[in-house]
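Chemist: Just dropping this structure here.
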Amino acid sequence: MKISHNWIQQHLKIDLPLDKQLELLTELGLEVEGTASFESIKGGLKGVLVGEVISSKPHPNADRLRITQVNLGEDEIVQIVCGAPNVAAGQKVPVATVGTKLYDAEGNFFEIKKSKIRGEASHGMICAEDELGLGTSHEGIMVLSDTLIPGTPCSEVFEIESDTVIEIGLTPNRSDAMSHMGVARDLKAGCNQIDVSSEWKSSNTNNFKIADTSFTVDVNVDDKERCPQYYGITLTDVEVKPSPSWLQNRLNAIGITPKNNIVDATNYILHDLGQPLHAFDASKIKGKIHVKTLSSGTKFTTLDGVERSLHEDDLMICDDENPLCIAGVFGGLDSGVSEKTTSIFLESAYFDPVSVRKSAKRHGLNTDASFRFERGIDPEIGVFALKTAAVLIQNIAGGKISSEIQEQAQPLPDKVNLFLKFDKITRVIGKKIPKDTLLKILNSLEIEINSATDDGFVMTVPRYRVDVTREADVIEEILRVYGYNNIESSDTLRTVFPDFDLKTPHKTEQIVAQSLVGQGFSEVMNNSLTNPSYTNLSKQLESVSKVSLLNPLGQDLSQLRSSLLFSMLEVVQFNSNRQQKDLKIFEFGKTYSSQADSYKESKKLGVCLTGNKYSEMWNSPISKINFFDMKATVNSILERLGICSFKENKTTIDLFSEGLSLSLNNNSLVDFGVVKKEITKYFSLDAEIIYADFDWDLIYKYAFKKEIKIEEISKFPTSRRDFALLIDRDVNFDELETAAFKTDRKLLKSVSLFDVYEGKNLPEGKKSYGLSFYFGDPNKTLTDKNIDRIMQKLQKEFEQNFGAVLR
């Protein structure tokens with residue numbers, strides 16, 4: 001939020017340098033994110049002086065140019081070539097001296113330099129008003145008052161205003177500080193705490209006078225829940241024209257473009273007091289003002305010229321025939337103030353924050369008014385702001401007040417009353433603050449102290465502090481004014497040792513994440529919102545009931561994701577486009593689906609591999625990541641979690657061209673494989689993508705169920721024996737491994753596949769497997785006789801159950 005320092009000084013005069021004021025604002029919780037300089041005229045007319053034209057004669061080499069001698073003060077006479085038709089001796093004119101920078105309407109500058117124009121020297125430029133930014137006329141040079149003294153800086157003649165604009169990072173709860181008065185109020189409290197003198201400049205409405213009641217617009221509030229307060233007043237005989245320079249300077253400083261004096265007055269009150277106002281052209285109001293909702297589908301054109309379809313919950317300001325304004329959000333095109341307006345109906349109201357926020361989001365609007373209404377404005381300032389605006393409009397647009405204030409207001413809710421104990425303040429803050437200091441702080445925050453006891457204060461919170469409703473809120477207010485930096489660190493170290501459970505969801509997730517990072521993976525975090533077109537890439541996902549947003553930011557982010565794959569492919573695409581093609585990434589996230597009248601969230605772990613295994617090196621060949629690298633990663637994750645007794649089957653998920661599904665008790669733990677080419681091409685990816693989709697909810701259910709056993713490392717060597725088997729093509733290694741362990745569980749320690757061959761010199765439908773068997777006994781060294789006996793059993797098992805032939 002932008003705040004003008006000059007504007008703050010209209011409310012508060014303090015004896016404190018600007019840099020100290022900025023520090024104080026940050027300490028008070030209104031964090032200063034930056035500052036910028038503002039000048040009502042770009043460049044501040046630096047280097048532009050009042051000059052007196054001593055003589056003017058025709059240029060010998062140009063019909064339309066004249067050679068002038070100009071006195072710049074202190075007997076400094078310079079020659080300037082001028083092309084203006086109205087230049088004449090004796091005139092007082094603005095002169096841009098050599099080295100001066102002048103700015104155009106876009107903020108671009110050009111520097112005045114010594115030059116020769118058609119052979120004659122020129123040492124400056126006599127300026128027109130548009131060249132100085134003082135107007136739009138370029139018919140001739142600007143002629144100044146005869147009373148001015150040559151050499152006077154033009155910045156003094158034209159009262160150039162300089163300001164410092166403060167960018168404040170306002171937290172959503174501080175609706176009371178969404179105005180210059182609110183920021184000044186906080187500064188006043190901070191100055192009071194550090195004993196810096198300050199003077200609060202109270203504004204009043206003494207000049208508010210009702211001239212007559214000749215033009216009264218009656219008000220009827222139908223929806224009193226969404227609009228508990230509504231005030232309106234009529235002004236007639238106003239003249240719509242540009243605002244005076246002081247008002248334009250205030251608005252320009254904070255980035256608001258002036259429109260006309262009526263609209264600018266409402267914007268000024270909004271940023272000054274924090275109360276949004278709206279001005280209607282009163283001549284366009286037919287009958288009464290009605291505050292109500294309309295039926296869904298009603299068409300309404302807003303000030304930006306966009307026709308919008310209203311929702312049945314949108315609160316509207318209407319007349320007897322038409323809608324005029326979306327309450328608290330945006331005005332209507334047909335009822336707005338124009339150059340022909342001579343009478344206005346001025347509105348000041350309090351609208352329900354939830355209602356305004358929903359309407360603003362539904363229509364994709366974010367206005368200064370909705371920004372404040374959504375967070376909750378001061379419910380007591382409506383009439384004061386209306387009177388202040390009416391007086392301001394009379395001052396800058398003329399006219400008279402032609403009606404009583406039309407008021408439709410419900411009783412205000414009771415103020416928040418609290419009893420705050422001193423010992424609780426000390427316990428929460430960590431320091432005992434003297435009672436007189438506490439009283440001083442609370443009074444500076446306009447928190448009324450009803451009574452004080454030995455135990456604490458009974459207090460009443462002002463209504464404009466909508467965020468202060470609990471004892472903790474008051475303590476936070478005390479602390480920010482007292483100063484966080486004034487709380488000393490304790491000499492006592494206090495720490496908490498929480499119970500440790502290896503099997504908590506967070507710890508389990510952390511174990512796997514650390515394991516993957518140790519294998520060279522990087523964790524990614526993606527948005528849960530995704531493009532609905534992605535589900536068209538999978539018939540299975542198309543059949544799942546998706547969760548769509550009612551009010552999306554855009555079509556590309558209008559649906560909650562039903563798979564992590566597409567988010568990860570976006571990451572791969574982003575990195576590939578930046579020449580990062582070797583990727584090992586993983587993500588913990590949720591997928592979403594709808595079931596009847598409910599929604600389902602499922603926790604998933606997605607793992608993605610693509611590119612080369614290792615970076616290119618001169619002494620090693622390039623090796624691409626393949627399916628078995630992913631299988632090794634999947635197995636390492638399951639083994640780390642103590643999940644070992646799973647079954648392998650071909651995956652049925654249509655995202656993969658080929659892959660496996662690992663299951664336990666007929667529940668699929670993980671599906672992994674090579675992503676289909678048509679999917680990778682959709683993301684403009686040529687490389688092979690290998691992806692694993694873990695059902696993390698199921699993984700967590702089975703994790704660490706197996707007891708951890710510790711065994712002494714055997715002192716005796718292991719022995720290895722190999723088989724080369726000719727088997728049917730549809731027999732897989734998992735079946736052979738299972739059969740081997742059924743044959744012998746005591747001495748057989750592991751089985752591995754070291755060779756696979758399919759092709760020439762083998763019968764059709766057959767393949768060759770090379771298997772290694774490792775044997776060991778913790779109590780003795782095995783003999784060949786022991787091992788040969790087991791190998792014979794294994795051979796018999798493979799021949800009988802798998803039709804294997806020993807090669």
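By convention in this document, the chains of the structure tokens carry letters A, B, ... by their order, each chain's residues are numbered from 1, and ligands are numbered from 1 in the order they are shown.
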Do a neighbour search on range 422-436 of chain A at 7 Å with only C-alpha atoms, toss out local chain neighbours closer than 2 positions, and write the hits as a list in words.

Modeler: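 That gives Leu420, Leu438, Leu439, Lys440, Asp455, Gly456, Ile475 and Ile487 of chain A.
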
Chemist: Kindly save the residues from that selection, with N, CA, C and O atoms included, as an mmCIF file, in the first residue's frame.

Modeler:
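Result written to selection_39.cif:
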```cif
data_model
loop_
_atom_site.group_PDB
_atom_site.id
_atom_site.type_symbol
_atom_site.label_atom_id
_atom_site.label_comp_id
_atom_site.auth_asym_id
_atom_site.auth_seq_id
_atom_site.Cartn_x
_atom_site.Cartn_y
_atom_site.Cartn_z
ATOM 1 N N LEU A 420 -7.915 -8.066 31.079
ATOM 2 C CA LEU A 420 -6.572 -8.560 30.798
ATOM 3 C C LEU A 420 -5.742 -8.522 32.075
ATOM 4 O O LEU A 420 -5.557 -7.458 32.676
ATOM 5 N N LEU A 438 1.950 0.334 30.487
ATOM 6 C CA LEU A 438 0.828 -0.365 29.850
ATOM 7 C C LEU A 438 -0.340 0.587 29.643
ATOM 8 O O LEU A 438 -0.969 0.604 28.572
ATOM 9 N N LEU A 439 -0.639 1.376 30.655
ATOM 10 C CA LEU A 439 -1.754 2.318 30.563
ATOM 11 C C LEU A 439 -1.484 3.358 29.472
ATOM 12 O O LEU A 439 -2.377 3.719 28.692
ATOM 13 N N LYS A 440 -0.254 3.817 29.385
ATOM 14 C CA LYS A 440 0.135 4.804 28.373
ATOM 15 C C LYS A 440 -0.035 4.233 26.963
ATOM 16 O O LYS A 440 -0.546 4.913 26.061
ATOM 17 N N ASP A 455 -5.074 -6.915 39.709
ATOM 18 C CA ASP A 455 -4.809 -8.055 38.820
ATOM 19 C C ASP A 455 -4.710 -7.665 37.347
ATOM 20 O O ASP A 455 -4.014 -8.327 36.574
ATOM 21 N N GLY A 456 -5.433 -6.612 36.942
ATOM 22 C CA GLY A 456 -5.409 -6.277 35.528
ATOM 23 C C GLY A 456 -6.314 -5.117 35.176
ATOM 24 O O GLY A 456 -6.797 -4.378 36.048
ATOM 25 N N ILE A 475 -2.503 -8.081 23.813
ATOM 26 C CA ILE A 475 -1.084 -8.256 24.174
ATOM 27 C C ILE A 475 -0.199 -8.007 22.959
ATOM 28 O O ILE A 475 0.862 -7.376 23.065
ATOM 29 N N ILE A 487 12.506 -6.107 24.186
ATOM 30 C CA ILE A 487 12.378 -7.332 24.976
ATOM 31 C C ILE A 487 13.727 -8.027 24.991
ATOM 32 O O ILE A 487 14.204 -8.512 23.963
#
```

Chemist: Find the residues near Ile77 in chain A: any atom within 10 Å, counting only C-alpha atoms, skip ones fewer than 3 places away on the same chain, and give them as a list in words.

Modeler: Gly51, Glu52, Val53, Ile54, Thr68, Gln69, Val70, Asn71, Leu72, Gly73, Glu74, Ile80 and His123 of chain A

Chemist: Using only C-alpha atoms, determine which residues lie at most 8 Å from range 680-689 of chain A, disregarding the query and same-chain residues fewer than 6 positions distant; provide the list as a count of residues only.

Modeler: 8

Chemist: Name all residues at most 7 Å from range 251-258 of chain A (count only C-alpha atoms; drop same-chain ones fewer than 6 positions away) and give them as a list in words.

Modeler: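 Non-adjacent residues within range: Lys2, Ile3, Ser4, Phe38, Val165 and Asp264 of chain A.
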
Chemist: For the selection you just gave me, I'd like the residues written to a file as a short mmCIF file (atom, residue, chain, number, x, y, z; two decimals), in the first residue's frame, keeping N, CA and C atoms.

Modeler:
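The new file again_2.cif reads:
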```cif
data_model
loop_
_atom_site.label_atom_id
_atom_site.label_comp_id
_atom_site.auth_asym_id
_atom_site.auth_seq_id
_atom_site.Cartn_x
_atom_site.Cartn_y
_atom_site.Cartn_z
N LYS A 2 0.54 2.22 -0.87
CA LYS A 2 1.33 3.43 -0.98
C LYS A 2 0.77 4.52 -0.07
N ILE A 3 1.69 5.15 0.66
CA ILE A 3 1.33 6.21 1.60
C ILE A 3 2.17 7.45 1.28
N SER A 4 1.52 8.62 1.22
CA SER A 4 2.22 9.88 0.98
C SER A 4 2.63 10.50 2.31
N PHE A 38 8.51 11.70 -5.21
CA PHE A 38 7.46 12.18 -6.11
C PHE A 38 7.60 13.69 -6.27
N VAL A 165 6.99 8.92 -1.16
CA VAL A 165 5.94 7.89 -1.16
C VAL A 165 6.49 6.66 -0.45
N ASP A 264 -12.42 12.29 -7.94
CA ASP A 264 -11.20 12.47 -7.17
C ASP A 264 -11.49 12.72 -5.70
#
```

Chemist: Hey, what does DSSP flag as helix (DSSP H, G or I) within range 196-381 of chain A? Can you give it to me as a PyMOL selection string?

Modeler: chain A and resi 245-253+261-273+282-284+353-362+368-375

Chemist: Quick one: of A:Ala84, A:Leu132, A:Leu12, A:Leu549, who's nearest to Ser197 in chain A, counting only C-alpha atoms?

Modeler: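 Checking each candidate against Ser197 in chain A, we get A:Leu12 as the closest.
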
Chemist: May I have the residues within 7 Å of Lys288 in chain A as an MDAnalysis selection string, using only C-alpha atoms and disregarding those fewer than 6 positions away in the same chain?

Modeler: chainID A and resid 217:219 319:320

Chemist: Could you write those residues out with C-alpha atoms, as a short mmCIF file (atom, residue, chain, number, x, y, z; two decimals), in the first residue's frame?

Modeler:
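Okay, this is what ended up in part.cif:
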```
data_model
loop_
_atom_site.label_atom_id
_atom_site.label_comp_id
_atom_site.auth_asym_id
_atom_site.auth_seq_id
_atom_site.Cartn_x
_atom_site.Cartn_y
_atom_site.Cartn_z
CA VAL A 217 -33.45 10.54 -3.02
CA ASP A 218 -35.13 8.07 -0.66
CA VAL A 219 -33.27 4.92 0.36
CA ASP A 319 -33.13 2.37 -8.48
CA ASP A 320 -36.76 1.57 -9.19
#
```

Chemist: Quick one: pull the distance between CA of Glu225 in chain A and CA of Asp314 in chain A, Å, one decimal.

Modeler: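 Value for the CA of Glu225 in chain A-CA of Asp314 in chain A distance: 12.8 Å.
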
Chemist: Pull the strand (DSSP E) assignments for range 23-200 of chain A out of DSSP run on the backbone, and list those residues as an MDAnalysis selection string.

Modeler: chainID A and resid 31:39 48:59 62:71 77:82 92:96 101:103 109:111 115:117 120:122 125:126 162:169 198:200

Chemist: Range 151-153 of chain A: which residues within 10 Å, counting only C-alpha atoms, same-chain residues fewer than 3 positions away excluded, as a PyMOL selection string?

Modeler: chain A and resi 45-52+71-76+94-95+148+156-158

Chemist: Those residues with N, CA, C and O atoms, as a CSV table (one decimal), in the first residue's frame please?

Modeler:
```csv
chain,number,residue,atom,x,y,z
A,45,LEU,N,11.6,21.3,-12.1
A,45,LEU,CA,12.0,22.5,-12.8
A,45,LEU,C,13.4,23.0,-12.3
A,45,LEU,O,13.7,24.2,-12.4
A,46,LYS,N,14.2,22.0,-12.0
A,46,LYS,CA,15.6,22.4,-11.6
A,46,LYS,C,16.3,22.9,-12.8
A,46,LYS,O,16.3,22.3,-13.9
A,47,GLY,N,17.0,24.1,-12.7
A,47,GLY,CA,17.7,24.7,-13.8
A,47,GLY,C,16.9,25.6,-14.6
A,47,GLY,O,17.4,26.2,-15.6
A,48,VAL,N,15.6,25.7,-14.3
A,48,VAL,CA,14.7,26.6,-15.1
A,48,VAL,C,14.6,27.9,-14.3
A,48,VAL,O,14.2,27.9,-13.1
A,49,LEU,N,15.0,29.0,-14.9
A,49,LEU,CA,15.0,30.3,-14.2
A,49,LEU,C,14.1,31.3,-14.9
A,49,LEU,O,13.8,31.2,-16.1
A,50,VAL,N,13.7,32.3,-14.2
A,50,VAL,CA,13.0,33.5,-14.8
A,50,VAL,C,14.0,34.3,-15.5
A,50,VAL,O,15.1,34.7,-15.0
A,51,GLY,N,13.7,34.6,-16.8
A,51,GLY,CA,14.6,35.4,-17.6
A,51,GLY,C,13.8,36.6,-18.2
A,51,GLY,O,12.6,36.5,-18.4
A,52,GLU,N,14.6,37.7,-18.4
A,52,GLU,CA,14.0,38.9,-19.0
A,52,GLU,C,14.5,39.1,-20.4
A,52,GLU,O,15.8,39.1,-20.6
A,71,ASN,N,18.3,38.2,-20.0
A,71,ASN,CA,18.9,38.5,-18.7
A,71,ASN,C,18.5,37.4,-17.7
A,71,ASN,O,17.3,37.3,-17.4
A,72,LEU,N,19.5,36.6,-17.2
A,72,LEU,CA,19.2,35.6,-16.2
A,72,LEU,C,19.5,36.0,-14.8
A,72,LEU,O,19.6,35.1,-13.9
A,73,GLY,N,19.7,37.3,-14.6
A,73,GLY,CA,20.0,37.8,-13.2
A,73,GLY,C,21.5,37.9,-13.0
A,73,GLY,O,22.3,37.3,-13.7
A,74,GLU,N,21.8,38.8,-12.1
A,74,GLU,CA,23.2,39.1,-11.8
A,74,GLU,C,24.0,39.5,-13.0
A,74,GLU,O,25.1,39.0,-13.2
A,75,ASP,N,23.4,40.3,-13.9
A,75,ASP,CA,24.0,40.8,-15.1
A,75,ASP,C,24.5,39.7,-16.1
A,75,ASP,O,25.4,39.8,-16.8
A,76,GLU,N,23.9,38.5,-16.0
A,76,GLU,CA,24.2,37.4,-16.9
A,76,GLU,C,23.3,37.5,-18.1
A,76,GLU,O,22.1,37.2,-18.0
A,94,PRO,N,10.2,31.8,-18.8
A,94,PRO,CA,10.9,30.7,-18.1
A,94,PRO,C,12.0,30.2,-19.1
A,94,PRO,O,11.8,30.0,-20.3
A,95,VAL,N,13.2,30.1,-18.6
A,95,VAL,CA,14.4,29.8,-19.4
A,95,VAL,C,15.0,28.5,-18.9
A,95,VAL,O,15.4,28.5,-17.7
A,148,LEU,N,8.2,39.5,-11.5
A,148,LEU,CA,9.2,38.6,-11.1
A,148,LEU,C,10.6,39.1,-11.4
A,148,LEU,O,10.8,39.9,-12.3
A,156,GLU,N,10.2,28.0,-7.4
A,156,GLU,CA,9.5,28.8,-6.4
A,156,GLU,C,8.3,29.6,-6.9
A,156,GLU,O,7.4,29.8,-6.2
A,157,VAL,N,8.4,29.9,-8.2
A,157,VAL,CA,7.2,30.6,-8.8
A,157,VAL,C,6.0,29.7,-8.9
A,157,VAL,O,4.9,30.2,-8.6
A,158,PHE,N,6.2,28.5,-9.3
A,158,PHE,CA,5.0,27.6,-9.5
A,158,PHE,C,4.7,26.6,-8.4
A,158,PHE,O,3.9,25.7,-8.5
```

Chemist: Find the distance between CA of Tyr757 in chain A and CA of Ile653 in chain A and write it in Å to one decimal.

Modeler: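 Spanning CA of Tyr757 in chain A to CA of Ile653 in chain A is a straight-line distance of 28.0 Å.
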
Chemist: List as number ranges by chain the protein and nucleic acid residues near range 231-245 of chain A, meaning an atom at most 9 Å away when only C-alpha atoms are counted, but skip any in the same chain fewer than 3 places from it.

Modeler: A: 40, 213, 215-219, 248-250, 258-262, 264-265, 282, 337-349, 382-383, 386-387, 390, 393-394, 396-409

Chemist: Pick from A:Thr504, A:Ser558, A:Gln579, A:Asn732: nearest to Asn649 in chain A, with only C-alpha atoms counted?

Modeler: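 For Asn649 in chain A, the nearest of the candidates is A:Asn732.
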